[in-house]
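Asker: Okay, so here is data14.cif, and as you'll see once you scroll down, it has mmCIF, C-alpha atoms.
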data_target
loop_
_atom_site.label_atom_id
_atom_site.label_comp_id
_atom_site.auth_asym_id
_atom_site.auth_seq_id
_atom_site.Cartn_x
_atom_site.Cartn_y
_atom_site.Cartn_z
CA MET J 20 -91.68 -103.63 -121.57
CA ALA J 21 -90.62 -100.45 -119.75
CA VAL J 22 -87.41 -100.47 -117.74
CA TRP J 23 -89.47 -100.10 -114.55
CA ASP J 24 -91.30 -103.41 -114.94
CA ASP J 25 -88.78 -105.30 -112.79
CA LEU J 26 -89.25 -102.89 -109.87
CA VAL J 27 -91.56 -105.01 -107.77
CA GLY J 28 -93.73 -103.21 -105.24
CA GLN J 29 -91.80 -99.92 -105.45
CA GLU J 30 -94.39 -97.57 -106.96
CA ARG J 31 -93.25 -94.47 -105.06
CA VAL J 32 -89.60 -94.97 -105.97
CA GLN J 33 -90.57 -95.58 -109.59
CA GLU J 34 -92.45 -92.28 -109.74
CA GLN J 35 -89.47 -90.36 -108.32
CA LEU J 36 -87.01 -91.95 -110.72
CA ALA J 37 -89.28 -91.45 -113.75
CA ALA J 38 -89.66 -87.75 -112.89
CA ALA J 39 -85.89 -87.37 -112.51
CA ALA J 40 -85.29 -89.16 -115.83
CA ARG J 41 -87.72 -86.75 -117.53
CA ASP J 42 -85.83 -83.75 -116.16
CA ALA J 43 -82.48 -85.28 -117.09
CA ASP J 44 -83.68 -85.88 -120.63
CA ALA J 45 -84.92 -82.28 -120.93
CA LEU J 46 -81.55 -81.00 -119.69
CA VAL J 47 -79.47 -82.99 -122.20
CA THR J 48 -81.85 -82.14 -125.06
CA ALA J 49 -81.70 -78.42 -124.29
CA VAL J 50 -77.90 -78.42 -124.12
CA ALA J 51 -77.66 -80.32 -127.41
CA GLU J 52 -79.92 -77.78 -129.13
CA GLY J 53 -78.10 -74.80 -127.65
CA GLU J 54 -81.05 -73.72 -125.55
CA GLN J 55 -81.15 -72.65 -121.94
CA ALA J 56 -81.26 -75.61 -119.62
CA PRO J 57 -84.60 -75.97 -117.77
CA ASP J 58 -84.95 -76.27 -114.01
CA THR J 59 -83.96 -79.85 -113.18
CA SER J 60 -84.56 -79.91 -109.46
CA LYS J 61 -85.70 -83.55 -109.62
CA MET J 62 -82.39 -84.63 -111.13
CA THR J 63 -79.10 -84.71 -109.27
CA HIS J 64 -75.62 -86.13 -109.80
CA ALA J 65 -75.58 -88.64 -106.90
CA TRP J 66 -78.23 -91.06 -105.64
CA LEU J 67 -78.26 -93.47 -102.72
CA PHE J 68 -80.61 -96.48 -102.90
CA THR J 69 -81.20 -98.21 -99.57
CA GLY J 70 -83.49 -101.01 -98.52
CA PRO J 71 -83.50 -104.51 -97.02
CA PRO J 72 -81.93 -107.44 -98.88
CA GLY J 73 -84.09 -108.49 -101.80
CA SER J 74 -85.88 -105.16 -102.11
CA GLY J 75 -84.31 -104.52 -105.53
CA ARG J 76 -81.78 -101.75 -104.88
CA ALA J 77 -79.55 -102.74 -107.77
CA THR J 78 -82.55 -103.36 -110.04
CA ALA J 79 -83.80 -99.83 -109.37
CA ALA J 80 -80.36 -98.37 -110.08
CA ARG J 81 -80.04 -100.25 -113.38
CA ALA J 82 -83.55 -99.24 -114.44
CA PHE J 83 -82.75 -95.59 -113.72
CA ALA J 84 -79.48 -95.86 -115.65
CA ALA J 85 -81.38 -97.27 -118.62
CA ALA J 86 -83.95 -94.46 -118.46
CA LEU J 87 -81.12 -91.89 -118.44
CA GLN J 88 -79.70 -93.45 -121.62
CA CYS J 89 -83.08 -93.83 -123.36
CA VAL J 90 -83.09 -92.62 -126.99
CA SER J 91 -86.66 -93.56 -127.91
CA PRO J 92 -88.23 -91.15 -130.42
CA ASP J 93 -91.38 -91.16 -128.28
CA ARG J 94 -89.63 -88.81 -125.85
CA ALA J 95 -90.15 -85.95 -128.29
CA LEU J 96 -93.89 -86.64 -128.21
CA GLY J 97 -94.08 -86.50 -124.42
CA GLY J 98 -93.19 -90.11 -123.70
CA ILE J 99 -91.41 -90.99 -120.46
CA PRO J 100 -87.75 -92.05 -120.86
CA GLY J 101 -87.23 -95.73 -120.18
CA CYS J 102 -89.10 -97.46 -123.00
CA GLY J 103 -87.07 -100.66 -122.54
CA PHE J 104 -86.81 -101.31 -126.29
CA CYS J 105 -84.40 -98.72 -127.71
CA ASP J 106 -80.67 -99.36 -128.00
CA GLY J 107 -79.87 -97.16 -124.99
CA CYS J 108 -82.32 -98.94 -122.68
CA HIS J 109 -81.52 -102.44 -123.92
CA THR J 110 -77.72 -102.18 -123.66
CA ALA J 111 -77.90 -100.51 -120.25
CA LEU J 112 -80.13 -103.27 -118.87
CA ILE J 113 -78.01 -106.15 -120.16
CA GLY J 114 -74.74 -104.51 -119.11
CA THR J 115 -73.11 -103.68 -122.45
CA HIS J 116 -73.65 -99.91 -122.64
CA ALA J 117 -70.35 -98.07 -123.01
CA ASP J 118 -71.38 -95.34 -120.58
CA VAL J 119 -72.90 -97.47 -117.82
CA GLN J 120 -70.37 -98.98 -115.46
CA VAL J 121 -71.68 -101.49 -112.90
CA ILE J 122 -69.45 -102.17 -109.90
CA ARG J 123 -70.18 -105.22 -107.78
CA THR J 124 -67.78 -107.27 -105.70
CA ASP J 125 -67.69 -110.82 -104.44
CA LEU J 126 -64.82 -109.90 -102.10
CA LEU J 127 -65.03 -108.65 -98.54
CA SER J 128 -64.46 -104.99 -99.44
CA ILE J 129 -63.85 -102.44 -102.20
CA GLY J 130 -60.42 -100.87 -101.85
CA VAL J 131 -58.77 -97.58 -102.68
CA LYS J 132 -57.22 -98.73 -105.97
CA GLU J 133 -60.51 -99.83 -107.52
CA THR J 134 -62.23 -96.65 -106.34
CA ARG J 135 -59.54 -94.42 -107.82
CA ASP J 136 -60.01 -96.14 -111.18
CA LEU J 137 -63.73 -95.39 -110.95
CA VAL J 138 -63.15 -91.75 -110.06
CA ARG J 139 -60.88 -91.32 -113.09
CA ARG J 140 -63.56 -92.81 -115.32
CA ALA J 141 -66.18 -90.51 -113.79
CA GLN J 142 -64.30 -87.46 -115.06
CA LEU J 143 -64.78 -88.53 -118.70
CA SER J 144 -67.57 -87.29 -120.92
CA PRO J 145 -70.09 -89.86 -122.18
CA ALA J 146 -68.71 -91.77 -125.15
CA VAL J 147 -71.96 -92.65 -126.93
CA GLY J 148 -74.75 -92.12 -124.42
CA ARG J 149 -76.46 -89.15 -122.84
CA TRP J 150 -74.89 -89.60 -119.38
CA GLN J 151 -71.89 -91.27 -117.80
CA VAL J 152 -73.51 -93.53 -115.18
CA ILE J 153 -71.63 -95.43 -112.49
CA ILE J 154 -73.59 -97.95 -110.43
CA MET J 155 -71.95 -99.20 -107.23
CA GLU J 156 -74.06 -102.11 -106.02
CA ASP J 157 -72.02 -102.67 -102.84
CA ALA J 158 -71.32 -99.17 -101.55
CA ASP J 159 -71.49 -100.56 -98.01
CA ARG J 160 -68.29 -102.53 -98.69
CA LEU J 161 -66.16 -99.46 -99.36
CA THR J 162 -63.21 -99.25 -96.99
CA GLU J 163 -62.79 -95.96 -95.14
CA GLY J 164 -59.98 -94.96 -97.48
CA ALA J 165 -62.01 -95.85 -100.56
CA GLY J 166 -64.94 -93.86 -99.19
CA ASN J 167 -62.77 -90.78 -98.83
CA VAL J 168 -61.58 -91.19 -102.44
CA LEU J 169 -65.19 -91.43 -103.63
CA LEU J 170 -66.20 -88.39 -101.59
CA LYS J 171 -64.04 -86.09 -103.72
CA ALA J 172 -65.77 -87.28 -106.90
CA VAL J 173 -69.24 -86.87 -105.40
CA GLU J 174 -68.37 -83.37 -104.13
CA GLU J 175 -67.06 -82.17 -107.50
CA PRO J 176 -68.87 -84.20 -110.17
CA ALA J 177 -68.32 -83.95 -113.90
CA PRO J 178 -71.24 -82.17 -115.67
CA ARG J 179 -72.86 -85.31 -117.11
CA THR J 180 -71.77 -87.99 -114.64
CA VAL J 181 -74.27 -89.69 -112.31
CA TRP J 182 -73.34 -91.85 -109.32
CA LEU J 183 -75.87 -94.50 -108.23
CA LEU J 184 -74.87 -96.04 -104.89
CA CYS J 185 -76.63 -99.01 -103.29
CA ALA J 186 -76.45 -100.03 -99.63
CA PRO J 187 -78.68 -101.78 -97.07
CA SER J 188 -79.07 -98.64 -94.93
CA LEU J 189 -77.88 -95.05 -94.56
CA GLU J 190 -75.61 -96.07 -91.69
CA ASP J 191 -73.62 -98.32 -94.05
CA VAL J 192 -72.33 -95.29 -95.98
CA LEU J 193 -70.02 -92.53 -94.76
CA PRO J 194 -72.03 -89.53 -93.49
CA THR J 195 -70.05 -87.19 -95.75
CA ILE J 196 -71.08 -89.22 -98.81
CA ARG J 197 -74.74 -89.76 -97.95
CA SER J 198 -75.19 -86.07 -97.19
CA ARG J 199 -74.33 -85.33 -100.83
CA CYS J 200 -76.72 -87.91 -102.32
CA ARG J 201 -80.44 -87.92 -102.93
CA HIS J 202 -81.80 -90.76 -100.83
CA LEU J 203 -84.38 -93.31 -102.01
CA THR J 204 -85.70 -95.99 -99.64
CA LEU J 205 -87.01 -99.25 -101.07
CA ARG J 206 -89.32 -101.54 -99.12
CA THR J 207 -89.61 -105.30 -98.99
CA PRO J 208 -91.96 -106.26 -101.86
CA PRO J 209 -95.26 -107.94 -100.98
CA VAL J 210 -95.22 -111.73 -101.23
CA SER J 211 -98.02 -111.66 -103.81
CA ALA J 212 -96.06 -109.27 -106.03
CA VAL J 213 -92.95 -111.47 -105.92
CA ALA J 214 -94.99 -114.56 -106.78
CA ASP J 215 -96.57 -112.72 -109.70
CA VAL J 216 -93.14 -111.84 -111.10
CA LEU J 217 -91.96 -115.45 -110.80
CA ILE J 218 -95.05 -116.63 -112.66
CA ARG J 219 -95.06 -113.90 -115.29
CA ARG J 220 -91.35 -113.47 -116.00
CA ASP J 221 -89.86 -116.87 -115.15
CA GLY J 222 -92.70 -119.19 -116.11
CA ILE J 223 -92.78 -120.86 -112.69
CA GLU J 224 -95.97 -122.71 -111.80
CA PRO J 225 -98.19 -120.70 -109.44
CA GLU J 226 -98.10 -123.07 -106.46
CA ARG J 227 -94.30 -123.26 -106.40
CA ALA J 228 -93.97 -119.51 -106.99
CA GLN J 229 -96.28 -118.75 -104.04
CA ALA J 230 -94.39 -121.14 -101.77
CA ALA J 231 -90.99 -119.69 -102.72
CA ALA J 232 -92.14 -116.08 -102.31
CA ARG J 233 -93.72 -116.87 -98.95
CA ALA J 234 -90.65 -118.78 -97.69
CA THR J 235 -88.26 -115.95 -98.58
CA GLN J 236 -90.60 -113.21 -97.35
CA GLY J 237 -90.35 -110.98 -100.42
CA HIS J 238 -86.66 -111.48 -101.33
CA ILE J 239 -86.92 -111.65 -105.12
CA ASP J 240 -83.56 -113.24 -105.97
CA ARG J 241 -83.80 -115.82 -103.21
CA ALA J 242 -87.36 -116.66 -104.20
CA ARG J 243 -86.32 -117.19 -107.82
CA ARG J 244 -83.45 -119.43 -106.78
CA LEU J 245 -85.59 -121.42 -104.37
CA ALA J 246 -88.22 -121.95 -107.05
CA THR J 247 -85.76 -123.04 -109.74
CA ASP J 248 -82.86 -124.74 -107.93
CA GLU J 249 -83.41 -128.18 -106.41
CA ARG J 250 -80.16 -127.93 -104.47
CA ALA J 251 -81.30 -124.68 -102.83
CA ARG J 252 -84.54 -126.36 -101.73
CA ALA J 253 -82.64 -129.32 -100.31
CA ARG J 254 -80.27 -127.06 -98.37
CA ARG J 255 -83.15 -125.06 -96.92
CA ALA J 256 -84.91 -128.25 -95.85
CA THR J 257 -81.76 -129.35 -94.03
CA VAL J 258 -81.42 -126.01 -92.24
CA LEU J 259 -85.04 -126.06 -91.09
CA LYS J 260 -84.48 -129.46 -89.45
CA LEU J 261 -81.77 -128.01 -87.20
CA PRO J 262 -84.11 -126.73 -84.43
CA LEU J 263 -85.31 -130.30 -83.86
CA ARG J 264 -81.77 -131.69 -83.66
CA VAL J 265 -80.13 -129.53 -80.98
CA ASP J 266 -81.25 -131.62 -78.01
CA ASP J 267 -77.79 -132.37 -76.55
CA VAL J 268 -74.26 -130.95 -76.70
CA GLY J 269 -73.01 -133.51 -79.20
CA ALA J 270 -75.91 -132.83 -81.56
CA CYS J 271 -75.28 -129.08 -81.30
CA LEU J 272 -71.62 -129.44 -82.27
CA LYS J 273 -72.46 -131.86 -85.10
CA ALA J 274 -75.16 -129.54 -86.50
CA ALA J 275 -72.74 -126.60 -86.40
CA GLN J 276 -70.07 -128.55 -88.26
CA GLU J 277 -72.57 -129.64 -90.91
CA LEU J 278 -73.65 -126.03 -91.49
CA ILE J 279 -70.02 -124.98 -91.94
CA ASP J 280 -69.29 -127.91 -94.25
CA ALA J 281 -72.35 -127.15 -96.38
CA ALA J 282 -71.31 -123.49 -96.70
CA ALA J 283 -67.77 -124.53 -97.63
CA GLU J 284 -69.10 -126.91 -100.29
CA ASP J 285 -71.33 -124.17 -101.72
CA SER J 286 -68.33 -121.83 -101.82
CA LYS J 287 -66.19 -124.44 -103.54
CA GLN J 288 -68.79 -125.18 -106.20
CA ALA J 289 -69.42 -121.48 -106.84
CA SER J 290 -65.77 -120.53 -107.22
CA GLU J 291 -64.02 -123.61 -108.59
CA GLU J 292 -64.78 -123.03 -112.27
CA THR J 293 -64.13 -119.29 -112.03
CA ASP J 294 -60.83 -119.81 -110.21
CA VAL J 295 -59.51 -122.25 -112.82
CA LYS J 296 -60.45 -119.94 -115.71
CA GLU J 297 -58.90 -116.88 -114.03
CA THR J 298 -55.68 -118.78 -113.34
CA GLU J 299 -55.39 -120.10 -116.88
CA ASP J 300 -56.13 -116.68 -118.38
CA LEU J 301 -53.50 -114.99 -116.23
CA LYS J 302 -50.90 -117.63 -117.07
CA ALA J 303 -51.58 -117.15 -120.77
CA ALA J 304 -51.36 -113.36 -120.41
CA LEU J 305 -48.04 -113.63 -118.56
CA GLY J 306 -46.57 -115.92 -121.24
CA ALA J 307 -46.50 -119.29 -119.51
CA GLY J 308 -44.32 -121.80 -121.33
CA GLN J 309 -44.86 -125.47 -122.04
CA GLY J 310 -45.87 -127.43 -118.99
CA GLY J 311 -47.22 -124.25 -117.39
CA ARG J 312 -43.79 -122.94 -116.46
CA MET J 313 -44.02 -119.25 -115.59
CA PRO J 314 -41.51 -116.59 -116.70
CA ARG J 315 -39.39 -114.83 -114.13
CA GLY J 316 -40.94 -111.95 -112.24
CA THR J 317 -44.53 -113.23 -112.50
CA ALA J 318 -44.79 -114.88 -109.08
CA GLY J 319 -46.17 -111.68 -107.54
CA ALA J 320 -49.06 -111.51 -110.02
CA MET J 321 -49.96 -115.14 -109.41
CA LYS J 322 -49.83 -114.66 -105.64
CA GLU J 323 -52.09 -111.59 -105.90
CA LEU J 324 -54.64 -113.63 -107.87
CA GLU J 325 -54.52 -116.43 -105.30
CA GLU J 326 -55.17 -113.94 -102.49
CA LYS J 327 -58.12 -112.47 -104.40
CA GLN J 328 -59.59 -115.93 -104.95
CA LYS J 329 -59.14 -116.77 -101.27
CA ARG J 330 -60.98 -113.60 -100.20
CA ARG J 331 -63.77 -114.33 -102.66
CA LYS J 332 -64.15 -117.86 -101.30
CA THR J 333 -64.40 -116.45 -97.77
CA ARG J 334 -67.09 -114.01 -98.90
CA THR J 335 -69.07 -116.76 -100.67
CA GLN J 336 -68.91 -119.00 -97.60
CA ARG J 337 -70.16 -116.18 -95.38
CA ASP J 338 -73.00 -115.43 -97.79
CA SER J 339 -74.03 -119.08 -97.76
CA LEU J 340 -73.98 -119.13 -93.94
CA ASP J 341 -75.94 -115.89 -93.82
CA LEU J 342 -78.61 -117.43 -96.04
CA ALA J 343 -78.91 -120.39 -93.65
CA LEU J 344 -79.18 -118.02 -90.68
CA SER J 345 -81.92 -116.06 -92.45
CA ASP J 346 -83.87 -119.30 -92.89
CA LEU J 347 -83.43 -120.07 -89.18
CA THR J 348 -84.62 -116.60 -88.21
CA GLY J 349 -87.72 -117.09 -90.34
CA PHE J 350 -88.37 -120.45 -88.68
CA TYR J 351 -88.31 -119.02 -85.16
CA ARG J 352 -90.34 -116.02 -86.29
CA ASP J 353 -93.06 -118.46 -87.33
CA VAL J 354 -92.75 -120.28 -83.99
CA LEU J 355 -93.22 -116.98 -82.16
CA ALA J 356 -96.26 -116.14 -84.29
CA LEU J 357 -97.87 -119.48 -83.38
CA GLN J 358 -97.09 -119.03 -79.68
CA LEU J 359 -98.63 -115.56 -79.60
CA GLY J 360 -101.66 -116.55 -81.67
CA SER J 361 -100.77 -114.02 -84.35
CA GLU J 362 -102.76 -113.93 -87.57
CA ILE J 363 -99.77 -113.15 -89.79
CA ALA J 364 -99.08 -115.64 -92.56
CA ILE J 365 -96.69 -118.46 -91.75
CA ALA J 366 -93.65 -118.32 -94.03
CA ASN J 367 -92.56 -121.94 -93.60
CA GLY J 368 -95.86 -123.73 -93.98
CA ASP J 369 -94.11 -126.75 -95.52
CA VAL J 370 -92.61 -127.59 -92.09
CA ARG J 371 -95.73 -126.83 -90.05
CA ASP J 372 -95.35 -130.00 -87.96
CA ALA J 373 -91.88 -128.90 -86.80
CA LEU J 374 -93.14 -125.39 -86.06
CA ASP J 375 -96.01 -126.75 -83.95
CA ARG J 376 -93.70 -129.09 -82.06
CA ILE J 377 -91.22 -126.35 -81.15
CA ALA J 378 -94.03 -123.91 -80.30
CA ARG J 379 -95.70 -126.37 -77.91
CA GLY J 380 -92.46 -127.31 -76.19
CA SER J 381 -91.23 -123.78 -75.55
CA THR J 382 -92.32 -120.27 -74.56
CA PRO J 383 -92.30 -116.94 -76.40
CA GLU J 384 -89.46 -115.75 -74.13
CA ARG J 385 -87.28 -118.71 -75.10
CA THR J 386 -88.11 -118.23 -78.77
CA LEU J 387 -87.03 -114.58 -78.59
CA ARG J 388 -83.74 -115.63 -76.99
CA ARG J 389 -83.21 -118.10 -79.83
CA ILE J 390 -83.82 -115.39 -82.42
CA GLU J 391 -81.32 -113.20 -80.55
CA ALA J 392 -78.80 -116.07 -80.71
CA VAL J 393 -79.13 -116.26 -84.51
CA VAL J 394 -78.76 -112.46 -84.80
CA ALA J 395 -75.70 -112.59 -82.53
CA CYS J 396 -74.16 -115.27 -84.76
CA ARG J 397 -74.60 -113.06 -87.82
CA GLY J 398 -72.95 -110.19 -85.96
CA ALA J 399 -70.04 -112.40 -84.92
CA LEU J 400 -69.47 -113.51 -88.52
CA GLU J 401 -69.42 -109.88 -89.66
CA ALA J 402 -66.82 -109.18 -86.95
CA ASN J 403 -64.60 -111.94 -88.42
CA VAL J 404 -65.10 -114.45 -85.61
CA ALA J 405 -64.12 -117.95 -86.74
CA PRO J 406 -67.26 -119.32 -88.45
CA LEU J 407 -67.26 -122.68 -86.65
CA LEU J 408 -66.88 -121.02 -83.26
CA ALA J 409 -69.73 -118.56 -83.98
CA VAL J 410 -72.09 -121.28 -85.23
CA GLU J 411 -71.28 -123.61 -82.33
CA ALA J 412 -72.10 -120.83 -79.87
CA MET J 413 -75.39 -120.29 -81.70
CA THR J 414 -76.44 -123.95 -81.67
CA MET J 415 -75.66 -124.22 -77.96
CA ALA J 416 -77.79 -121.11 -77.33
CA LEU J 417 -80.62 -122.61 -79.41
CA ARG J 418 -80.53 -125.69 -77.20
CA ALA J 419 -80.60 -123.63 -74.00
CA GLY J 420 -83.40 -121.37 -75.23
#
Please lay out the structure from this file as structure tokens.
Answerer:
Amino acid sequence: MAVWDDLVGQERVQEQLAAAARDADALVTAVAEGEQAPDTSKMTHAWLFTGPPGSGRATAARAFAAALQCVSPDRALGGIPGCGFCDGCHTALIGTHADVQVIRTDLLSIGVKETRDLVRRAQLSPAVGRWQVIIMEDADRLTEGAGNVLLKAVEEPAPRTVWLLCAPSLEDVLPTIRSRCRHLTLRTPPVSAVADVLIRRDGIEPERAQAAARATQGHIDRARRLATDERARARRATVLKLPLRVDDVGACLKAAQELIDAAAEDSKQASEETDVKETEDLKAALGAGQGGRMPRGTAGAMKELEEKQKRRKTRTQRDSLDLALSDLTGFYRDVLALQLGSEIAIANGDVRDALDRIARGSTPERTLRRIEAVVACRGALEANVAPLLAVEAMTMALRAG
């Protein structure tokens, strides 16, 4: 299995990355043999992967990192780097390669301190691999200060260091950084391609795989979770009932509270086990005595951990809410398609009765206003508006139409 096999529906991007990996391999080989380095115009030290959620930005970055570290003997015979089987490819893909650093965050942002640590690492030569590769999966969460720290490293890179940045769009990255990166745009994978991956790689039965891929409109990770997690299916079913419930003010406020409570419960379940383990590990590292009594001078470290866990819980709750809002947007998109007589495929065919009911009882203009209300709610959450207030405003707008 080549490293590119998980890139679903991204043939053009795959070709560009494979060509760059070939040039990168030729460069390192020439330097190692004391020969003159060939023209490597297809390879550069900084890359920016952009695309909608679920398009596979991080997957593409990891595949490219693996191809850069490929040590397959077939390369000498003209083979393309990225075999997927050699030690370099395998360890890069599973996250254990010494020279591939993957940065992802479950917090609200990436700060200056973490970025400075990365920049220091970027100045080192590869320890065992062919390149020092740093993958930043959430480059859009860099604070302005952290972005300025990263800019210096991108402007003056070490000879064999490669930065792979991932973000939803160019506008999510500082102009000074994106101007120094080679830009690759990924597209939303076709529903049929996502279903094929779920069947082929995850062993999911075809009917369920098709339904999950169609419901998530090409978002690979969400489709996989929807196909394999009963709780995710139950939560989606609850969200898709909301448009039928907002028929009076009381129902709107109750529906909003239930959405918030469900997101909070998801956040609690996702972080509870991690929080306990992190706390126990830190206590042990700081030398906690019998009964968990902490030594003097350690209160600051414990408080810092608590703040980190609180920020992570906030991020997880927002992500859960955002997923619910995406499902709502898809619902009203289907309603609009029915109202306009469009021939596009319905994403939420499992709730066709609800779609027909809303479509008959409304107009395309009202449906568009409802979609705008969901989009406005997402924007309010990103602007740190209190979640309950933002969702209540949305449900009231859905009722008004």
Asker: Find the residues near J:Ala366: any atom within 7 Å, counting all atoms listed in the file, skip ones fewer than 3 places away on the same chain, and give them as a PyMOL selection string.
Answerer: chain J and resi 233-234+236+353
Asker: Can you turn the PyMOL selection byres ((chain J and resi 169-175) around 12) into a concrete residue list for this file, as a PyMOL selection string?
Answerer: chain J and resi 63-67+129-143+153+155+158+161-168+176-184+192-201
Asker: Quick one: residues within 6 Å of stretch 107-119 of chain J, only C-alpha atoms counted, chain neighbours fewer than 5 positions away excluded, as a list in words?
Answerer: Ala85, Gln88, Cys89, Val90, Pro145, Gln151, Val152 and Ile153 of chain J
Asker: Mind pulling up the distance from atom CA of J:Glu326 to atom CA of J:Met313?
Answerer: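 Separation between atom CA of J:Met313 and atom CA of J:Glu326: 18.0 Å.
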Asker: Between atom CA of J:Val22 and atom CA of J:Phe83, what is the distance, to one decimal in Å?
Answerer: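 That distance, rounded to one decimal, is 7.9 Å.
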Asker: Starting from the displayed file, determine the output of the PyMOL selection byres ((chain J and resi 27) around 10) and express the residue list as an MDAnalysis selection string.
Answerer: chainID J and resid 23:26 28:30 33 74:75 78:79 205:209 212:213 215:216 237 239
Asker: Residues near J:Leu357, anyone? I mean within 12 Å using all atoms listed in the file, not counting same-chain ones fewer than 5 positions away, as a list in words.
Answerer: Phe350, Tyr351, Arg352, Glu362, Ile363, Ala364, Ile365, Ala366, Asn367, Gly368, Arg371, Asp372, Ala373, Leu374, Asp375, Arg376, Ile377, Ala378, Arg379, Gly380, Ser381, Thr382, Pro383 and Thr386 of chain J
Asker: Might you pull out every residue within 12 Å of stretch 405-413 of chain J, with all atoms listed in the file counted and same-chain residues fewer than 2 positions away left off, and present them as a count of residues only?
Answerer: 53
Asker: Please determine an axis-aligned box that encloses all atoms of stretch 125-138 of chain J listed in the file, with 4 Å added on each side, and express its centre and edge lengths in Å to one decimal as AutoDock Vina command-line options.
Answerer:
--center_x -62.5 --center_y -101.3 --center_z -104.9 --size_x 18.5 --size_y 27.1 --size_z 20.6
Asker: What is the distance between atom CA of J:Gly360 and atom CA of J:Ala231, in Å to one decimal?
Answerer: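 So the answer is 23.8 Å.
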Asker: Once the PyMOL selection byres ((chain J and resi 104) around 8) has been evaluated on this model, what residues remain selected, and can you format them as a VMD selection string?
Answerer: chain J and resid 20 to 21 91 102 to 103 105 to 106 108 to 109
Asker: If you count all atoms listed in the file, which residues fall within 10 Å of J:Arg330, apart from same-chain ones fewer than 4 positions away, as a PyMOL selection string?
Answerer: chain J and resi 125-128+324-326+334-336
